[in-house]
$ cat coords13.cif   # mmCIF, C-alpha atoms
data_target
#
loop_
_atom_site.label_atom_id
_atom_site.label_comp_id
_atom_site.auth_asym_id
_atom_site.auth_seq_id
_atom_site.Cartn_x
_atom_site.Cartn_y
_atom_site.Cartn_z
CA MET A 1 2.69 -6.59 -22.71
CA MET A 2 0.23 -6.57 -19.84
CA LYS A 3 0.29 -3.28 -17.94
CA TYR A 4 -0.81 -2.55 -14.40
CA SER A 5 -3.68 -0.07 -14.21
CA VAL A 6 -3.47 3.17 -12.24
CA VAL A 7 -6.03 5.77 -11.20
CA VAL A 8 -4.92 9.30 -10.27
CA VAL A 9 -7.01 11.22 -7.72
CA ASP A 10 -6.20 14.92 -7.44
CA ASP A 11 -8.42 18.01 -7.49
CA HIS A 12 -5.78 20.03 -9.38
CA THR A 13 -6.41 19.23 -13.05
CA LEU A 14 -3.00 20.29 -14.36
CA LEU A 15 -1.16 18.25 -11.73
CA SER A 16 -3.42 15.29 -12.35
CA GLN A 17 -2.72 15.45 -16.09
CA ALA A 18 1.03 15.78 -15.46
CA ILE A 19 1.04 12.70 -13.19
CA GLU A 20 -1.03 10.80 -15.75
CA GLY A 21 1.41 11.70 -18.53
CA MET A 22 4.39 10.62 -16.41
CA VAL A 23 2.87 7.28 -15.40
CA ASN A 24 1.94 6.53 -19.01
CA THR A 25 5.63 6.69 -19.97
CA PHE A 26 6.40 3.77 -17.62
CA ASP A 27 6.73 0.40 -19.34
CA LYS A 28 4.51 -1.54 -16.95
CA PHE A 29 1.84 1.01 -16.04
CA LYS A 30 -1.08 2.79 -17.66
CA VAL A 31 -3.56 5.31 -16.22
CA LEU A 32 -7.18 4.19 -16.54
CA TYR A 33 -8.69 7.56 -15.66
CA THR A 34 -8.39 10.48 -13.24
CA CYS A 35 -10.73 11.71 -10.49
CA LYS A 36 -11.01 14.98 -8.57
CA ASN A 37 -11.95 13.49 -5.19
CA GLY A 38 -12.86 10.32 -3.34
CA LYS A 39 -16.56 10.61 -4.14
CA GLU A 40 -15.75 10.30 -7.84
CA VAL A 41 -13.56 7.27 -7.07
CA ALA A 42 -16.37 5.54 -5.18
CA GLU A 43 -18.81 6.25 -8.02
CA LYS A 44 -16.39 4.95 -10.68
CA PHE A 45 -15.50 1.80 -8.73
CA SER A 46 -19.17 1.07 -8.08
CA ALA A 47 -20.18 1.62 -11.71
CA SER A 48 -18.14 -1.25 -13.19
CA PRO A 49 -15.51 -3.83 -12.17
CA LYS A 50 -13.52 -2.66 -15.20
CA ASN A 51 -12.99 0.67 -13.43
CA ILE A 52 -11.16 -0.92 -10.48
CA PRO A 53 -7.37 -0.49 -10.93
CA ASP A 54 -4.32 -2.16 -9.42
CA ILE A 55 -3.07 1.11 -7.90
CA VAL A 56 -4.61 4.40 -6.82
CA LEU A 57 -2.38 7.48 -6.49
CA VAL A 58 -4.25 9.84 -4.20
CA ASP A 59 -3.70 13.39 -3.02
CA VAL A 60 -4.33 14.14 0.66
CA ASN A 61 -6.04 17.53 0.59
CA MET A 62 -9.14 17.41 -1.62
CA PRO A 63 -12.67 18.78 -1.31
CA VAL A 64 -15.79 16.59 -0.88
CA MET A 65 -13.85 13.47 0.19
CA ASN A 66 -10.19 13.87 1.12
CA GLY A 67 -7.28 11.44 0.76
CA ILE A 68 -7.67 9.85 4.18
CA GLU A 69 -11.41 9.24 3.68
CA THR A 70 -10.78 7.99 0.16
CA THR A 71 -8.10 5.56 1.33
CA GLU A 72 -10.36 4.22 4.09
CA TRP A 73 -13.18 3.67 1.60
CA ILE A 74 -10.94 1.85 -0.89
CA VAL A 75 -9.37 -0.37 1.79
CA GLU A 76 -12.79 -1.28 3.18
CA HIS A 77 -14.50 -2.01 -0.15
CA HIS A 78 -11.56 -3.07 -2.36
CA PRO A 79 -8.75 -4.26 -0.05
CA HIS A 80 -6.64 -5.68 -2.90
CA VAL A 81 -6.21 -2.26 -4.52
CA HIS A 82 -2.87 -0.64 -3.57
CA VAL A 83 -3.21 2.97 -2.41
CA MET A 84 -0.25 5.35 -2.48
CA ALA A 85 -0.39 8.93 -1.27
CA LEU A 86 1.15 11.47 -3.63
CA SER A 87 1.03 14.82 -1.88
CA VAL A 88 2.76 18.12 -1.08
CA GLU A 89 1.99 17.46 2.61
CA ASP A 90 5.08 16.33 4.52
CA ALA A 91 3.83 16.68 8.11
CA ASP A 92 4.46 13.53 10.18
CA GLY A 93 0.88 13.52 11.48
CA THR A 94 -0.59 13.59 7.98
CA ILE A 95 1.70 10.81 6.75
CA LEU A 96 0.77 8.60 9.72
CA LYS A 97 -2.95 9.23 9.23
CA MET A 98 -2.69 8.13 5.59
CA LEU A 99 -0.70 5.00 6.46
CA LYS A 100 -3.06 4.09 9.28
CA ALA A 101 -5.99 4.57 6.90
CA GLY A 102 -4.43 1.82 4.77
CA ALA A 103 -2.12 3.52 2.27
CA VAL A 104 0.85 1.28 1.43
CA GLY A 105 3.14 4.14 0.46
CA TYR A 106 3.64 7.90 0.73
CA LEU A 107 5.55 10.09 -1.71
CA LEU A 108 5.84 13.83 -2.16
CA LYS A 109 4.82 15.37 -5.47
CA ASP A 110 8.34 16.60 -6.17
CA THR A 111 9.55 13.00 -6.26
CA LYS A 112 11.75 12.16 -9.24
CA LYS A 113 10.18 10.21 -12.08
CA GLU A 114 12.42 7.17 -11.60
CA VAL A 115 11.57 7.03 -7.87
CA LEU A 116 7.85 7.00 -8.64
CA GLU A 117 8.31 4.19 -11.15
CA LYS A 118 10.36 2.20 -8.64
CA ALA A 119 7.70 2.77 -5.98
CA LEU A 120 4.92 1.50 -8.26
CA LEU A 121 6.92 -1.59 -9.17
CA GLU A 122 7.72 -2.37 -5.53
CA MET A 123 4.08 -1.95 -4.55
CA MET A 124 3.05 -4.55 -7.11
CA ASP A 125 5.91 -6.91 -6.17
CA ASN A 126 5.99 -6.52 -2.39
CA GLY A 127 2.62 -5.04 -1.48
CA PHE A 128 4.09 -1.79 -0.19
CA TYR A 129 6.73 0.90 -0.73
CA HIS A 130 8.14 3.23 1.87
CA THR A 131 11.13 5.53 2.07
CA ARG A 132 13.62 5.43 4.93
CA ASN A 133 11.96 8.48 6.50
CA VAL A 134 8.55 6.83 6.46
CA THR A 135 9.99 3.62 7.93
CA THR A 136 11.53 5.58 10.81
CA LEU A 137 8.29 7.47 11.36
CA LEU A 138 6.29 4.24 11.49
CA LEU A 139 8.69 2.57 13.91
CA ASP A 140 8.61 5.60 16.21
CA SER A 141 4.81 5.62 16.18
CA VAL A 142 4.12 1.95 16.80
CA SER A 143 2.43 1.57 20.18
CA GLY A 144 2.64 -1.45 22.45
CA LYS A 145 -1.13 -2.06 22.41
CA ASN A 146 -0.66 -5.27 20.43
CA GLY A 147 1.91 -6.69 22.82
CA LYS A 148 3.68 -9.86 21.74
CA ASN A 149 2.46 -11.78 24.77
CA SER A 150 -1.20 -11.07 24.04
CA VAL A 151 -1.17 -12.79 20.63
CA THR A 152 -0.45 -16.45 19.94
CA PHE A 153 1.13 -17.43 16.62
CA LYS A 154 1.49 -20.76 14.85
CA ASP A 155 5.05 -21.67 13.79
CA ASN A 156 4.21 -21.17 10.11
CA GLU A 157 2.70 -17.75 10.86
CA VAL A 158 5.98 -16.67 12.50
CA THR A 159 7.96 -17.98 9.53
CA PHE A 160 5.63 -16.16 7.14
CA MET A 161 5.93 -12.94 9.14
CA LYS A 162 9.73 -13.04 9.00
CA LEU A 163 9.69 -13.67 5.24
CA ALA A 164 7.12 -10.90 4.76
CA CYS A 165 9.74 -8.49 6.16
CA SER A 166 11.98 -9.28 3.17
CA GLU A 167 11.60 -8.15 -0.43
CA LEU A 168 10.10 -11.51 -1.46
CA THR A 169 6.72 -11.45 -3.17
CA TYR A 170 3.90 -13.50 -1.63
CA LYS A 171 4.34 -16.08 -4.42
CA GLU A 172 8.06 -16.35 -3.65
CA ILE A 173 7.25 -16.77 0.05
CA ALA A 174 4.87 -19.60 -0.86
CA ASP A 175 7.63 -21.30 -2.89
CA LYS A 176 10.15 -20.87 -0.06
CA MET A 177 7.74 -22.37 2.49
CA PHE A 178 6.69 -25.15 0.08
CA LEU A 179 3.07 -24.06 0.40
CA SER A 180 0.41 -22.95 -2.05
CA PRO A 181 -0.19 -19.23 -2.66
CA LYS A 182 -3.72 -19.75 -1.32
CA THR A 183 -2.34 -21.05 2.00
CA ILE A 184 0.00 -18.05 2.21
CA ASP A 185 -2.95 -15.72 1.57
CA GLY A 186 -4.67 -17.44 4.49
CA TYR A 187 -1.73 -16.77 6.83
CA ARG A 188 -1.59 -13.17 5.68
CA ASP A 189 -5.32 -12.55 6.21
CA SER A 190 -5.26 -14.31 9.59
CA LEU A 191 -2.35 -12.17 10.80
CA PHE A 192 -3.97 -8.97 9.53
CA THR A 193 -7.02 -9.84 11.66
CA LYS A 194 -5.04 -10.95 14.74
CA LEU A 195 -2.86 -7.85 14.77
CA ASN A 196 -5.51 -5.42 13.60
CA VAL A 197 -3.35 -4.19 10.71
CA ARG A 198 -4.51 -3.38 7.20
CA ASN A 199 -1.54 -4.21 5.04
CA ARG A 200 1.99 -5.61 4.79
CA VAL A 201 3.52 -2.40 6.12
CA GLY A 202 1.63 -2.84 9.40
CA LEU A 203 2.69 -6.47 9.60
CA VAL A 204 6.36 -5.58 9.09
CA MET A 205 6.21 -2.82 11.69
CA TYR A 206 4.67 -5.21 14.24
CA ALA A 207 7.34 -7.84 13.55
CA ILE A 208 10.17 -5.32 14.00
CA LYS A 209 8.64 -3.68 17.08
CA ASN A 210 8.18 -7.04 18.80
CA LYS A 211 11.60 -8.37 17.70
CA ILE A 212 10.07 -11.17 15.65
CA TYR A 213 12.25 -9.83 12.83
CA THR A 214 15.49 -7.89 13.26
CA PRO A 215 16.57 -5.72 10.28
#
$ encode --input "coords13.cif" --output "C-alpha coordinates"
Amino acid sequence: MMKYSVVVVDDHTLLSQAIEGMVNTFDKFKVLYTCKNGKEVAEKFSASPKNIPDIVLVDVNMPVMNGIETTEWIVEHHPHVHVMALSVEDADGTILKMLKAGAVGYLLKDTKKEVLEKALLEMMDNGFYHTRNVTTLLLDSVSGKNGKNSVTFKDNEVTFMKLACSELTYKEIADKMFLSPKTIDGYRDSLFTKLNVRNRVGLVMYAIKNKIYTP
(Lines of atoms letter the chains of each structure in order from A and count residues from 1; the text may use other names and numbers.)
(Lines give C-alpha, C1' and ligand atoms only; values in the text may rest on other atoms or scores of the structure.)
Protein backbone atom coordinates (compact mmCIF):
# COMPACT_ATOMS: atom_id res chain seq x y z
CA MET A 1 0.00 0.00 0.00
CA MET A 2 1.22 3.46 -0.93
CA LYS A 3 2.19 5.50 2.13
CA TYR A 4 2.43 9.25 2.52
CA SER A 5 5.94 10.44 3.32
CA VAL A 6 6.74 12.50 6.41
CA VAL A 7 9.82 14.43 7.54
CA VAL A 8 10.31 15.25 11.24
CA VAL A 9 12.23 18.43 12.12
CA ASP A 10 13.25 18.73 15.77
CA ASP A 11 16.58 19.56 17.41
CA HIS A 12 15.90 17.13 20.28
CA THR A 13 17.11 13.76 19.00
CA LEU A 14 15.16 11.59 21.45
CA LEU A 15 11.90 13.42 20.76
CA SER A 16 12.54 13.27 17.04
CA GLN A 17 13.11 9.51 17.22
CA ALA A 18 9.99 9.05 19.35
CA ILE A 19 7.84 10.98 16.84
CA GLU A 20 9.39 9.00 13.98
CA GLY A 21 8.61 5.71 15.72
CA MET A 22 5.00 6.78 16.36
CA VAL A 23 4.37 7.94 12.79
CA ASN A 24 5.82 4.71 11.41
CA THR A 25 3.12 2.74 13.24
CA PHE A 26 0.40 4.54 11.24
CA ASP A 27 -0.98 2.56 8.31
CA LYS A 28 -0.76 5.34 5.73
CA PHE A 29 2.41 7.17 6.77
CA LYS A 30 6.15 6.60 6.81
CA VAL A 31 9.00 8.89 7.93
CA LEU A 32 11.56 9.55 5.20
CA TYR A 33 14.16 11.07 7.50
CA THR A 34 14.62 13.52 10.38
CA CYS A 35 16.35 16.91 10.56
CA LYS A 36 17.59 19.05 13.44
CA ASN A 37 16.68 22.45 11.95
CA GLY A 38 15.37 24.24 8.88
CA LYS A 39 18.82 24.58 7.31
CA GLU A 40 19.07 20.79 7.14
CA VAL A 41 15.58 20.66 5.59
CA ALA A 42 16.54 23.15 2.87
CA GLU A 43 19.71 21.21 2.11
CA LYS A 44 17.85 17.87 1.92
CA PHE A 45 15.05 19.25 -0.25
CA SER A 46 17.56 20.88 -2.60
CA ALA A 47 19.70 17.74 -2.88
CA SER A 48 17.07 15.53 -4.53
CA PRO A 49 13.36 15.55 -5.45
CA LYS A 50 13.15 12.17 -3.71
CA ASN A 51 13.78 13.95 -0.41
CA ILE A 52 10.65 16.11 -0.70
CA PRO A 53 7.85 14.61 1.45
CA ASP A 54 4.09 15.04 1.57
CA ILE A 55 4.17 16.37 5.14
CA VAL A 56 6.71 18.09 7.38
CA LEU A 57 6.24 17.98 11.16
CA VAL A 58 8.26 20.89 12.51
CA ASP A 59 9.17 22.11 15.97
CA VAL A 60 8.98 25.86 16.61
CA ASN A 61 12.04 26.54 18.75
CA MET A 62 15.19 25.32 17.00
CA PRO A 63 18.68 26.74 16.53
CA VAL A 64 20.09 27.90 13.16
CA MET A 65 16.69 28.13 11.45
CA ASN A 66 13.57 27.98 13.61
CA GLY A 67 10.10 26.61 12.85
CA ILE A 68 8.68 29.88 11.54
CA GLU A 69 11.63 30.44 9.18
CA THR A 70 11.53 26.81 8.12
CA THR A 71 7.81 26.97 7.36
CA GLU A 72 8.24 30.16 5.32
CA TRP A 73 11.03 28.56 3.30
CA ILE A 74 9.03 25.40 2.58
CA VAL A 75 5.89 27.34 1.60
CA GLU A 76 7.89 29.59 -0.72
CA HIS A 77 9.91 26.85 -2.44
CA HIS A 78 7.61 23.82 -2.14
CA PRO A 79 4.04 25.12 -1.65
CA HIS A 80 2.44 21.68 -2.11
CA VAL A 81 4.18 20.26 0.96
CA HIS A 82 1.91 20.31 4.04
CA VAL A 83 3.60 21.78 7.13
CA MET A 84 2.30 21.04 10.62
CA ALA A 85 3.78 22.50 13.79
CA LEU A 86 4.40 19.97 16.56
CA SER A 87 5.59 21.92 19.57
CA VAL A 88 5.51 22.43 23.35
CA GLU A 89 4.76 26.13 22.69
CA ASP A 90 1.11 26.97 23.32
CA ALA A 91 1.27 30.78 23.32
CA ASP A 92 -1.35 32.34 21.02
CA GLY A 93 1.23 34.62 19.41
CA THR A 94 3.49 31.71 18.49
CA ILE A 95 0.62 29.67 17.05
CA LEU A 96 -0.52 32.62 14.91
CA LYS A 97 3.01 33.27 13.65
CA MET A 98 3.32 29.64 12.53
CA LEU A 99 -0.08 29.67 10.80
CA LYS A 100 0.63 32.98 9.10
CA ALA A 101 3.96 31.59 7.93
CA GLY A 102 1.98 28.90 6.11
CA ALA A 103 1.60 25.97 8.50
CA VAL A 104 -1.69 24.15 7.90
CA GLY A 105 -1.95 22.76 11.41
CA TYR A 106 -0.64 23.15 14.97
CA LEU A 107 -0.46 20.43 17.60
CA LEU A 108 1.21 20.19 20.98
CA LYS A 109 3.75 17.44 21.58
CA ASP A 110 1.63 15.85 24.29
CA THR A 111 -1.07 15.15 21.70
CA LYS A 112 -2.44 11.60 21.78
CA LYS A 113 -1.25 9.20 19.11
CA GLU A 114 -4.70 8.79 17.56
CA VAL A 115 -5.14 12.58 17.32
CA LEU A 116 -1.84 12.92 15.46
CA GLU A 117 -2.84 10.19 13.02
CA LYS A 118 -6.22 11.84 12.46
CA ALA A 119 -4.51 15.20 11.89
CA LEU A 120 -2.16 13.73 9.28
CA LEU A 121 -5.04 12.06 7.45
CA GLU A 122 -7.12 15.24 7.44
CA MET A 123 -4.19 17.26 6.15
CA MET A 124 -3.84 14.93 3.18
CA ASP A 125 -7.61 14.83 2.55
CA ASN A 126 -8.58 18.44 3.23
CA GLY A 127 -5.35 20.40 2.98
CA PHE A 128 -5.39 21.43 6.63
CA TYR A 129 -6.13 20.35 10.21
CA HIS A 130 -6.93 22.59 13.12
CA THR A 131 -8.37 22.08 16.57
CA ARG A 132 -11.31 24.08 17.90
CA ASN A 133 -8.93 26.29 19.90
CA VAL A 134 -6.88 27.12 16.82
CA THR A 135 -10.03 27.87 14.82
CA THR A 136 -11.20 30.31 17.49
CA LEU A 137 -7.77 31.91 17.64
CA LEU A 138 -7.70 32.38 13.88
CA LEU A 139 -11.19 33.87 13.75
CA ASP A 140 -10.34 36.31 16.54
CA SER A 141 -7.17 37.38 14.74
CA VAL A 142 -8.54 37.91 11.25
CA SER A 143 -8.29 41.60 10.37
CA GLY A 144 -10.56 43.48 8.01
CA LYS A 145 -7.71 44.49 5.67
CA ASN A 146 -9.07 42.23 2.94
CA GLY A 147 -12.57 43.67 3.10
CA LYS A 148 -15.25 41.88 1.09
CA ASN A 149 -16.03 44.99 -0.94
CA SER A 150 -12.44 45.41 -2.12
CA VAL A 151 -12.31 42.02 -3.87
CA THR A 152 -14.45 40.88 -6.79
CA PHE A 153 -15.28 37.19 -7.15
CA LYS A 154 -16.65 35.15 -10.04
CA ASP A 155 -19.73 33.03 -9.22
CA ASN A 156 -17.73 29.80 -9.46
CA GLU A 157 -15.06 31.21 -7.13
CA VAL A 158 -17.73 31.90 -4.49
CA THR A 159 -19.15 28.39 -4.93
CA PHE A 160 -15.65 26.93 -4.64
CA MET A 161 -14.93 28.99 -1.51
CA LYS A 162 -18.10 27.74 0.20
CA LEU A 163 -17.28 24.11 -0.66
CA ALA A 164 -13.68 24.61 0.49
CA CYS A 165 -15.11 25.36 3.96
CA SER A 166 -16.48 21.80 4.11
CA GLU A 167 -14.58 18.55 4.63
CA LEU A 168 -14.65 17.77 0.90
CA THR A 169 -11.32 17.12 -0.80
CA TYR A 170 -10.41 19.26 -3.83
CA LYS A 171 -11.20 16.28 -6.08
CA GLU A 172 -14.64 15.91 -4.48
CA ILE A 173 -15.24 19.64 -4.95
CA ALA A 174 -14.36 19.26 -8.64
CA ASP A 175 -16.87 16.40 -8.96
CA LYS A 176 -19.57 18.40 -7.16
CA MET A 177 -19.03 21.42 -9.42
CA PHE A 178 -18.79 19.23 -12.55
CA LEU A 179 -15.37 20.66 -13.30
CA SER A 180 -11.92 19.18 -13.79
CA PRO A 181 -9.46 19.04 -10.86
CA LYS A 182 -7.17 21.31 -12.90
CA THR A 183 -9.90 23.98 -13.12
CA ILE A 184 -10.46 23.72 -9.36
CA ASP A 185 -6.72 24.13 -8.79
CA GLY A 186 -6.95 27.30 -10.88
CA TYR A 187 -9.76 28.72 -8.71
CA ARG A 188 -7.81 27.85 -5.58
CA ASP A 189 -4.58 29.49 -6.78
CA SER A 190 -6.45 32.56 -8.02
CA LEU A 191 -8.19 33.03 -4.67
CA PHE A 192 -4.95 32.53 -2.74
CA THR A 193 -3.45 35.38 -4.79
CA LYS A 194 -6.51 37.66 -4.58
CA LEU A 195 -6.85 37.28 -0.82
CA ASN A 196 -3.14 37.11 -0.05
CA VAL A 197 -3.52 33.82 1.83
CA ARG A 198 -1.15 30.87 1.70
CA ASN A 199 -3.39 27.88 2.24
CA ARG A 200 -6.90 26.52 2.67
CA VAL A 201 -7.02 27.58 6.32
CA GLY A 202 -6.61 31.22 5.29
CA LEU A 203 -9.29 30.84 2.63
CA VAL A 204 -11.76 29.35 5.13
CA MET A 205 -11.07 32.08 7.67
CA TYR A 206 -11.68 34.78 5.04
CA ALA A 207 -14.95 33.15 3.96
CA ILE A 208 -16.21 32.94 7.56
CA LYS A 209 -15.06 36.45 8.50
CA ASN A 210 -16.78 37.98 5.47
CA LYS A 211 -19.93 35.84 5.86
CA ILE A 212 -19.41 34.12 2.52
CA TYR A 213 -19.76 30.90 4.51
CA THR A 214 -21.64 30.51 7.79
CA PRO A 215 -20.63 27.51 9.97
$ residues_around --input "coords13.cif" --residues "A:Asp155" --least-positions-apart "4" --cutoff "12 Å" --atoms "only C-alpha atoms" --output "PyMOL selection string"
chain A and resi 159-162+177+187+212
$ axis_aligned_box --input "coords13.cif" --around "stretch 51-61 of chain A" --padding-each-side "8 Å" --output "JSON"
{"center_x": -7.7, "center_y": 7.7, "center_z": -6.4, "size_x": 26.6, "size_y": 35.7, "size_z": 30.1}
$ resolve_selection --input "coords13.cif" --expression "the PyMOL selection byres ((chain A and resi 194) around 12)" --output "list in words"
Asn146, Gly147, Lys148, Ser150, Val151, Thr152, Phe153, Lys154, Glu157, Tyr187, Arg188, Asp189, Ser190, Leu191, Phe192, Thr193, Leu195, Asn196, Val197, Arg198, Gly202, Leu203 and Tyr206 of chain A
$ resolve_selection --input "coords13.cif" --expression "the PyMOL selection byres ((chain A and resi 98) around 10)" --output "JSON, numbers by chain"
{"A": [60, 67, 68, 69, 70, 71, 72, 83, 84, 85, 93, 94, 95, 96, 97, 99, 100, 101, 102, 103, 104, 105, 106]}
$ resolve_selection --input "coords13.cif" --expression "the PyMOL selection byres ((chain A and resi 128) around 7)" --output "MDAnalysis selection string"
chainID A and resid 104:105 122:123 126:127 129:130 200:201
$ residues_around --input "coords13.cif" --residues "A:Lys113" --least-positions-apart "6" --cutoff "12 Å" --atoms "only C-alpha atoms" --output "PyMOL selection string"
chain A and resi 18-26+107+119-120
$ atom_distance --input "coords13.cif" --atom1 "atom CA of A:Phe45" --atom2 "atom CA of A:Leu14"
23.0 Å
$ atom_distance --input "coords13.cif" --atom1 "atom CA of A:Leu15" --atom2 "atom CA of A:Lys112"
14.5 Å
$ closest_residue --input "coords13.cif" --among "A:Asp90, A:Asp125, A:Asp10, A:Glu43" --to "A:Asp110" --atoms "all atoms listed in the file"
A:Asp90
